[in-house]
$ cat my_file_12.txt   # compact mmCIF, C-alpha atoms and all ligand atoms
# COMPACT_ATOMS: atom_id res chain seq x y z
CA MET A 17 86.13 112.27 88.54
CA GLY A 18 87.40 109.28 90.41
CA MET A 19 86.46 106.55 92.75
CA ASP A 20 86.47 107.94 96.26
CA LEU A 21 86.38 105.22 98.90
CA VAL A 22 86.64 104.83 102.65
CA LEU A 23 87.65 101.57 104.32
CA LEU A 24 86.11 101.24 107.75
CA GLY A 25 86.58 98.45 110.25
CA PRO A 26 88.11 97.54 113.60
CA PRO A 27 91.89 97.37 114.03
CA GLY A 28 93.10 94.18 112.38
CA SER A 29 90.12 93.88 110.03
CA GLY A 30 92.41 93.95 107.00
CA LYS A 31 91.91 97.53 105.85
CA GLY A 32 95.55 97.97 104.90
CA THR A 33 95.62 94.75 102.87
CA GLN A 34 92.46 95.62 100.98
CA ALA A 35 93.55 99.23 100.47
CA ALA A 36 96.71 97.98 98.76
CA ILE A 37 94.74 95.63 96.50
CA LEU A 38 92.26 98.36 95.54
CA SER A 39 95.05 100.83 94.96
CA GLN A 40 96.67 98.52 92.43
CA LYS A 41 93.46 97.56 90.74
CA TYR A 42 92.07 101.06 90.28
CA ARG A 43 95.40 102.89 90.17
CA ILE A 44 94.42 105.32 92.87
CA PRO A 45 96.40 106.08 96.02
CA ALA A 46 95.71 104.33 99.32
CA ILE A 47 96.02 106.82 102.13
CA SER A 48 96.59 105.37 105.60
CA THR A 49 96.61 107.86 108.45
CA GLY A 50 98.29 105.21 110.63
CA ASP A 51 101.15 104.84 108.12
CA VAL A 52 101.56 108.58 107.74
CA LEU A 53 101.61 109.08 111.51
CA ARG A 54 104.08 106.23 112.06
CA ALA A 55 106.37 107.65 109.35
CA GLN A 56 106.38 110.95 111.24
CA VAL A 57 107.24 109.16 114.47
CA GLU A 58 110.11 107.31 112.81
CA ALA A 59 111.45 110.47 111.21
CA GLY A 60 111.38 112.14 114.63
CA THR A 61 109.56 115.21 113.34
CA PRO A 62 107.84 117.55 115.82
CA LEU A 63 104.51 116.10 114.65
CA GLY A 64 105.88 112.61 115.21
CA GLN A 65 106.98 113.48 118.73
CA ARG A 66 103.50 114.79 119.46
CA VAL A 67 101.63 111.75 118.19
CA LYS A 68 103.90 108.98 119.49
CA ALA A 69 102.38 108.92 122.96
CA TYR A 70 98.85 108.60 121.57
CA ILE A 71 99.79 105.74 119.25
CA ASP A 72 101.74 103.89 121.94
CA ARG A 73 98.75 104.03 124.28
CA GLY A 74 96.26 103.06 121.58
CA GLU A 75 94.51 106.42 121.81
CA LEU A 76 93.36 108.39 118.81
CA VAL A 77 95.44 111.42 117.97
CA PRO A 78 93.47 114.69 118.03
CA ASP A 79 90.93 115.15 115.23
CA SER A 80 92.31 118.51 114.09
CA LEU A 81 95.70 116.96 113.47
CA VAL A 82 94.53 114.11 111.24
CA VAL A 83 91.97 116.32 109.51
CA ASP A 84 94.75 118.76 108.52
CA LEU A 85 96.88 115.89 107.39
CA ILE A 86 94.13 114.46 105.18
CA GLN A 87 93.18 117.86 103.83
CA HIS A 88 96.75 118.38 102.61
CA ARG A 89 97.00 114.89 101.22
CA LEU A 90 93.76 115.20 99.26
CA SER A 91 95.06 118.31 97.55
CA ASP A 92 97.88 116.28 95.97
CA PRO A 93 97.29 115.77 92.23
CA ASP A 94 97.52 111.96 92.43
CA THR A 95 94.12 111.87 94.16
CA GLN A 96 92.30 113.30 91.13
CA GLN A 97 91.31 109.89 89.82
CA GLY A 98 90.20 108.83 93.28
CA PHE A 99 91.53 107.64 96.60
CA ILE A 100 91.13 105.00 99.25
CA LEU A 101 91.14 106.19 102.83
CA ASP A 102 92.35 103.58 105.31
CA GLY A 103 91.96 104.51 108.95
CA PHE A 104 90.27 107.84 108.34
CA PRO A 105 87.71 108.95 109.37
CA ARG A 106 87.71 107.38 112.81
CA THR A 107 85.37 109.71 114.68
CA VAL A 108 82.15 111.50 113.79
CA PRO A 109 83.86 114.93 113.75
CA GLN A 110 86.46 113.52 111.33
CA ALA A 111 83.67 112.20 109.09
CA GLN A 112 81.94 115.58 109.15
CA ALA A 113 85.19 117.33 108.30
CA LEU A 114 85.74 114.93 105.41
CA ASP A 115 82.22 115.52 104.14
CA SER A 116 82.72 119.26 104.05
CA MET A 117 86.15 118.95 102.43
CA LEU A 118 84.70 116.76 99.71
CA ALA A 119 81.59 118.92 99.31
CA ALA A 120 83.88 121.88 98.63
CA LEU A 121 85.57 119.83 95.92
CA ASP A 122 82.21 118.65 94.61
CA ARG A 123 83.24 115.02 94.89
CA PRO A 124 81.23 113.16 97.52
CA LEU A 125 82.33 109.70 98.64
CA ASP A 126 81.28 106.87 96.37
CA ALA A 127 81.19 104.19 99.05
CA VAL A 128 82.23 103.31 102.57
CA LEU A 129 83.30 99.67 102.83
CA TYR A 130 82.82 98.28 106.30
CA LEU A 131 84.99 95.21 106.95
CA GLN A 132 83.11 93.17 109.53
CA VAL A 133 85.24 90.93 111.75
CA ASP A 134 84.34 89.77 115.24
CA PRO A 135 86.46 91.08 118.11
CA GLN A 136 87.97 87.69 119.04
CA ALA A 137 89.26 87.11 115.50
CA VAL A 138 90.68 90.61 115.46
CA ARG A 139 92.50 90.01 118.74
CA GLU A 140 94.08 86.88 117.34
CA ARG A 141 95.17 88.58 114.13
CA LEU A 142 96.70 91.55 115.90
CA GLY A 143 98.45 89.29 118.39
CA GLN A 144 100.38 87.82 115.44
CA ARG A 145 101.54 91.19 114.15
CA HIS A 146 104.70 92.78 115.44
CA ARG A 147 103.96 96.46 115.55
CA GLY A 148 104.84 98.48 118.64
CA ASP A 149 101.18 99.12 119.47
CA ASP A 150 100.16 95.47 119.01
CA LEU A 151 100.70 94.51 122.65
CA GLN A 152 97.69 92.79 124.21
CA GLY A 153 96.73 95.62 126.57
CA VAL A 154 97.04 98.22 123.82
CA ILE A 155 95.11 96.02 121.39
CA ASP A 156 92.22 95.71 123.84
CA HIS A 157 92.23 99.44 124.34
CA ARG A 158 92.23 100.08 120.58
CA LEU A 159 89.22 97.80 120.25
CA ASP A 160 87.42 99.76 122.98
CA VAL A 161 88.31 103.02 121.26
CA PHE A 162 86.96 101.59 118.02
CA LEU A 163 83.66 100.63 119.63
CA GLN A 164 83.24 103.96 121.36
CA GLN A 165 84.51 106.43 118.80
CA THR A 166 84.55 104.76 115.39
CA ALA A 167 81.59 102.37 115.42
CA PRO A 168 79.14 105.33 115.37
CA LEU A 169 80.35 105.93 111.81
CA ILE A 170 78.52 102.79 110.76
CA SER A 171 75.14 104.44 111.25
CA TYR A 172 76.52 107.79 110.11
CA TYR A 173 77.29 106.37 106.66
CA GLN A 174 74.28 104.07 106.67
CA ALA A 175 72.11 107.18 106.96
CA GLN A 176 73.87 108.57 103.88
CA GLY A 177 73.20 105.34 101.99
CA LYS A 178 76.93 104.86 101.47
CA LEU A 179 77.67 101.94 103.76
CA LYS A 180 78.55 98.60 102.15
CA LEU A 181 78.99 95.64 104.47
CA ILE A 182 81.83 93.27 103.63
CA ASP A 183 82.55 89.99 105.41
CA GLY A 184 86.09 90.64 106.61
CA ALA A 185 86.44 87.21 108.23
CA GLN A 186 87.11 85.59 104.84
CA PRO A 187 90.63 85.09 103.44
CA PRO A 188 92.05 88.27 101.91
CA GLU A 189 91.37 87.23 98.27
CA ALA A 190 87.74 86.46 99.09
CA VAL A 191 87.36 89.80 100.86
CA ALA A 192 88.81 91.48 97.77
CA ALA A 193 86.31 89.63 95.58
CA SER A 194 83.42 90.75 97.80
CA ILE A 195 84.62 94.32 97.59
CA ASP A 196 84.90 93.99 93.85
CA GLU A 197 81.24 93.01 93.57
CA VAL A 198 80.24 96.12 95.46
CA ILE A 199 82.62 98.45 93.65
CA ARG A 200 82.18 97.31 90.07
CA PRO A 201 78.68 98.74 89.58
CA LEU A 202 79.95 102.10 90.90
CA ALA A 203 82.75 102.12 88.35
CA VAL A 204 80.46 101.64 85.35
CA PRO A 205 80.60 104.82 83.26
CA SER A 206 77.14 106.30 83.01
CA PHE A 207 75.91 106.60 79.44
CA GLY A 208 79.12 107.29 77.63
CA GLU A 209 80.61 109.57 80.23
CA ALA A 210 84.18 108.52 80.77
CA SER A 211 83.87 108.87 84.50
CA PHE A 212 82.83 107.03 87.60
CA GLY A 213 79.23 107.88 88.30
CA HIS A 214 78.64 109.87 91.44
CA LYS A 215 74.92 109.44 91.14
CA PRO A 216 74.47 105.70 90.74
CA ASN A 217 70.90 105.73 92.00
CA VAL A 218 69.43 104.95 88.62
CA SER A 219 68.95 101.22 88.94
CA GLN A 220 71.29 99.25 86.78
CA VAL A 221 70.37 96.01 85.11
CA VAL A 222 72.87 93.48 86.36
CA SER A 223 71.82 90.16 84.98
CA ASP A 224 74.88 87.99 85.33
CA GLU A 225 75.20 88.10 89.10
CA ASN A 226 71.82 86.79 90.11
CA THR A 227 71.33 84.00 87.63
CA LYS A 228 71.64 81.44 90.43
CA GLU A 229 68.48 82.79 91.99
CA ASN A 230 65.58 82.90 89.56
CA GLY A 231 66.59 85.85 87.45
CA SER A 232 63.12 87.28 87.80
CA ASN A 233 64.17 90.58 89.32
CA ALA A 234 62.65 93.01 86.85
P1 LIG B 1 94.80 99.85 113.28
O1 LIG B 1 93.76 99.90 112.22
O2 LIG B 1 95.38 98.48 113.50
O3 LIG B 1 94.39 100.49 114.58
P2 LIG B 1 96.23 102.14 112.17
O4 LIG B 1 97.57 102.12 111.53
O5 LIG B 1 95.07 102.51 111.35
O6 LIG B 1 96.07 100.68 112.80
O7 LIG B 1 96.26 103.14 113.43
C1 LIG B 1 97.29 103.11 114.41
C2 LIG B 1 97.16 104.30 115.37
O8 LIG B 1 97.34 105.53 114.66
C3 LIG B 1 95.82 104.45 116.06
O9 LIG B 1 95.70 103.66 117.21
C4 LIG B 1 95.83 105.96 116.39
O10 LIG B 1 96.63 106.23 117.50
C5 LIG B 1 96.49 106.56 115.17
N1 LIG B 1 95.50 106.95 114.13
C6 LIG B 1 95.40 106.42 112.87
N2 LIG B 1 94.41 106.99 112.19
C7 LIG B 1 93.83 107.89 113.01
C8 LIG B 1 92.73 108.79 112.90
N3 LIG B 1 92.00 108.87 111.78
N4 LIG B 1 92.42 109.55 113.98
C9 LIG B 1 93.12 109.50 115.10
N5 LIG B 1 94.16 108.68 115.29
C10 LIG B 1 94.53 107.87 114.27

$ encode --input "my_file_12.txt" --output "structure tokens"
Amino acid sequence: MGMDLVLLGPPGSGKGTQAAILSQKYRIPAISTGDVLRAQVEAGTPLGQRVKAYIDRGELVPDSLVVDLIQHRLSDPDTQQGFILDGFPRTVPQAQALDSMLAALDRPLDAVLYLQVDPQAVRERLGQRHRGDDLQGVIDHRLDVFLQQTAPLISYYQAQGKLKLIDGAQPPEAVAASIDEVIRPLAVPSFGEASFGHKPNVSQVVSDENTKENGSNA
């Protein structure tokens, strides 16, 4: 079994950058719904023609469409050792659909990494990008859509005990290091099993990380 991760965060929080780093490090595919949808638009497929208007306006494409897309993608053999989802789920119904997909495969998510960046910083970052939907009006709308439709996933995954907060305002390498700290304990094989533990609730003795404090955590 692999390392199954979700990257959550507002547009421009650096999900794509961190997904690429994680993908290299753990040799698992990074799956970006935005990239897949844009590729369809560029190829001029019927799906692409359908989703272009949503993307251009900064609206989310319909849940059923991205859920189908992800369901197909997760059945590809390269996801067996794990995956990183970037930009999915983005609504509560998408998260519920993902949960049931993964329950059927008996491989629940290992962690949801929430990249925290304040809205002003995000606006500045996106303003420097040159994607078709990175125009100021569309950016502002995407941020609203994030707050209304995606931000509820923070408490959704918090309730599952899966949410890990990451300071996304740091430089990319520092964000990657923060993620690493959160991920590494999950990747420790449990008692000789050559697998990533899906039940990491047994407390692990991690002595090297807290030596700067007083090391007295039993
Ligand atoms: P960003 O994180 O900067 O918004 P993405 O590439 O993740 O960039 O998304 C670009 C656009 O693709 C979104 O504004 C939306 O229209 C569409 N999209 C991507 N992922 C989803 C999703 N999970 N559900 C619905 N629409 C999506």

$ residues_around --input "my_file_12.txt" --residues "Arg145 of chain A" --least-positions-apart "4" --cutoff "12 Å" --atoms "only C-alpha atoms" --output "PDB file with C-alpha atoms, in the frame of the given file"
ATOM      1  CA  PRO A  27      91.890  97.370 114.030  1.00  0.00           C
ATOM      2  CA  GLY A  28      93.100  94.180 112.380  1.00  0.00           C
ATOM      3  CA  GLY A  30      92.410  93.950 107.000  1.00  0.00           C
ATOM      4  CA  VAL A 138      90.680  90.610 115.460  1.00  0.00           C
ATOM      5  CA  ARG A 139      92.500  90.010 118.740  1.00  0.00           C
ATOM      6  CA  GLU A 140      94.080  86.880 117.340  1.00  0.00           C
ATOM      7  CA  ARG A 141      95.170  88.580 114.130  1.00  0.00           C
ATOM      8  CA  ASP A 149     101.180  99.120 119.470  1.00  0.00           C
ATOM      9  CA  ASP A 150     100.160  95.470 119.010  1.00  0.00           C
ATOM     10  CA  LEU A 151     100.700  94.510 122.650  1.00  0.00           C
ATOM     11  CA  GLN A 152      97.690  92.790 124.210  1.00  0.00           C
ATOM     12  CA  ILE A 155      95.110  96.020 121.390  1.00  0.00           C
TER      13      ILE A 155
END

$ residues_near_ligand --input "my_file_12.txt" --ligand "ligand LIG 1 (chain B)" --cutoff "8 Å" --atoms "all atoms listed in the file" --output "number ranges by chain"
A: 25-29, 31-32, 48-51, 53-54, 67, 70-79, 82-83, 102-107, 110, 142, 149-150, 158

$ residues_around --input "my_file_12.txt" --residues "Gly177 of chain A" --least-positions-apart "4" --cutoff "10 Å" --atoms "only C-alpha atoms" --output "list of chain:residue names"
A:Asp126, A:Ala127, A:Val128, A:Ser171, A:Tyr172, A:Tyr173

$ residues_around --input "my_file_12.txt" --residues "Ser39 of chain A" --least-positions-apart "4" --cutoff "12 Å" --atoms "all atoms listed in the file" --output "list in words"
Met19, Asp20, Leu21, Leu23, Lys31, Gly32, Thr33, Gln34, Ala35, Arg43, Ile44, Pro45, Ala46, Ile47, Ser48, Asp94, Thr95, Gln97, Gly98, Phe99, Ile100, Leu101, Asp102 and Ala192 of chain A

$ atom_distance --input "my_file_12.txt" --atom1 "atom CA of Val133 of chain A" --atom2 "atom CA of Leu24 of chain A"
11.1 Å

$ atom_distance --input "my_file_12.txt" --atom1 "atom CA of Ala111 of chain A" --atom2 "atom CA of Ile170 of chain A"
10.9 Å

$ atom_distance --input "my_file_12.txt" --atom1 "atom CA of Asp156 of chain A" --atom2 "atom CA of Asp134 of chain A"
13.1 Å

$ residues_around --input "my_file_12.txt" --residues "Gln174 of chain A" --least-positions-apart "4" --cutoff "12 Å" --atoms "all atoms listed in the file" --output "number ranges by chain"
A: 127-130, 167-170, 178-181

$ write_last_selection --input "my_file_12.txt" --atoms "C-alpha atoms" --output "mmCIF file, in the coordinates of the input"
data_model
loop_
_atom_site.group_PDB
_atom_site.id
_atom_site.type_symbol
_atom_site.label_atom_id
_atom_site.label_comp_id
_atom_site.auth_asym_id
_atom_site.auth_seq_id
_atom_site.Cartn_x
_atom_site.Cartn_y
_atom_site.Cartn_z
ATOM 1 C CA ALA A 127 81.190 104.190 99.050
ATOM 2 C CA VAL A 128 82.230 103.310 102.570
ATOM 3 C CA LEU A 129 83.300 99.670 102.830
ATOM 4 C CA TYR A 130 82.820 98.280 106.300
ATOM 5 C CA ALA A 167 81.590 102.370 115.420
ATOM 6 C CA PRO A 168 79.140 105.330 115.370
ATOM 7 C CA LEU A 169 80.350 105.930 111.810
ATOM 8 C CA ILE A 170 78.520 102.790 110.760
ATOM 9 C CA LYS A 178 76.930 104.860 101.470
ATOM 10 C CA LEU A 179 77.670 101.940 103.760
ATOM 11 C CA LYS A 180 78.550 98.600 102.150
ATOM 12 C CA LEU A 181 78.990 95.640 104.470
#

$ closest_residue --input "my_file_12.txt" --among "A:Val108, A:Leu125, A:Val154, A:Leu163" --to "Ala69 of chain A" --atoms "only C-alpha atoms"
A:Val154

$ build_atoms --input "my_file_12.txt" --residues "segment 135-154 of chain A" --atoms "N, CA and C atoms" --output "mmCIF file, keeping the file's coordinate frame"
data_model
loop_
_atom_site.group_PDB
_atom_site.id
_atom_site.type_symbol
_atom_site.label_atom_id
_atom_site.label_comp_id
_atom_site.auth_asym_id
_atom_site.auth_seq_id
_atom_site.Cartn_x
_atom_site.Cartn_y
_atom_site.Cartn_z
ATOM 1 N N PRO A 135 85.351 90.609 117.272
ATOM 2 C CA PRO A 135 86.460 91.080 118.110
ATOM 3 C C PRO A 135 87.474 89.985 118.461
ATOM 4 N N GLN A 136 87.023 88.751 118.672
ATOM 5 C CA GLN A 136 87.970 87.690 119.040
ATOM 6 C C GLN A 136 88.949 87.419 117.887
ATOM 7 N N ALA A 137 88.415 87.355 116.670
ATOM 8 C CA ALA A 137 89.260 87.110 115.500
ATOM 9 C C ALA A 137 90.272 88.234 115.330
ATOM 10 N N VAL A 138 89.813 89.442 115.582
ATOM 11 C CA VAL A 138 90.680 90.610 115.460
ATOM 12 C C VAL A 138 91.820 90.534 116.475
ATOM 13 N N ARG A 139 91.483 90.152 117.699
ATOM 14 C CA ARG A 139 92.500 90.010 118.740
ATOM 15 C C ARG A 139 93.569 89.029 118.326
ATOM 16 N N GLU A 140 93.109 87.896 117.757
ATOM 17 C CA GLU A 140 94.080 86.880 117.340
ATOM 18 C C GLU A 140 94.980 87.392 116.218
ATOM 19 N N ARG A 141 94.373 88.058 115.243
ATOM 20 C CA ARG A 141 95.170 88.580 114.130
ATOM 21 C C ARG A 141 96.208 89.573 114.611
ATOM 22 N N LEU A 142 95.782 90.499 115.459
ATOM 23 C CA LEU A 142 96.700 91.550 115.900
ATOM 24 C C LEU A 142 97.804 90.987 116.780
ATOM 25 N N GLY A 143 97.462 89.929 117.527
ATOM 26 C CA GLY A 143 98.450 89.290 118.390
ATOM 27 C C GLY A 143 99.595 88.694 117.585
ATOM 28 N N GLN A 144 99.336 88.409 116.298
ATOM 29 C CA GLN A 144 100.380 87.820 115.440
ATOM 30 C C GLN A 144 101.216 88.873 114.731
ATOM 31 N N ARG A 145 100.776 90.128 114.799
ATOM 32 C CA ARG A 145 101.540 91.190 114.150
ATOM 33 C C ARG A 145 102.640 91.653 115.086
ATOM 34 N N HIS A 146 103.592 92.392 114.558
ATOM 35 C CA HIS A 146 104.700 92.780 115.440
ATOM 36 C C HIS A 146 104.906 94.278 115.435
ATOM 37 N N ARG A 147 103.815 95.011 115.508
ATOM 38 C CA ARG A 147 103.960 96.460 115.550
ATOM 39 C C ARG A 147 104.034 96.884 117.016
ATOM 40 N N GLY A 148 104.635 98.029 117.266
ATOM 41 C CA GLY A 148 104.840 98.480 118.640
ATOM 42 C C GLY A 148 103.547 98.604 119.438
ATOM 43 N N ASP A 149 102.443 98.931 118.739
ATOM 44 C CA ASP A 149 101.180 99.120 119.470
ATOM 45 C C ASP A 149 100.317 97.853 119.413
ATOM 46 N N ASP A 150 100.914 96.731 119.045
ATOM 47 C CA ASP A 150 100.160 95.470 119.010
ATOM 48 C C ASP A 150 100.434 94.607 120.246
ATOM 49 N N LEU A 151 100.591 95.230 121.379
ATOM 50 C CA LEU A 151 100.700 94.510 122.650
ATOM 51 C C LEU A 151 99.276 94.286 123.167
ATOM 52 N N GLN A 152 99.058 93.168 123.885
ATOM 53 C CA GLN A 152 97.690 92.790 124.210
ATOM 54 C C GLN A 152 96.870 93.916 124.880
ATOM 55 N N GLY A 153 97.466 94.563 125.875
ATOM 56 C CA GLY A 153 96.730 95.620 126.570
ATOM 57 C C GLY A 153 96.357 96.762 125.634
ATOM 58 N N VAL A 154 97.287 97.117 124.758
ATOM 59 C CA VAL A 154 97.040 98.220 123.820
ATOM 60 C C VAL A 154 96.012 97.792 122.769
#
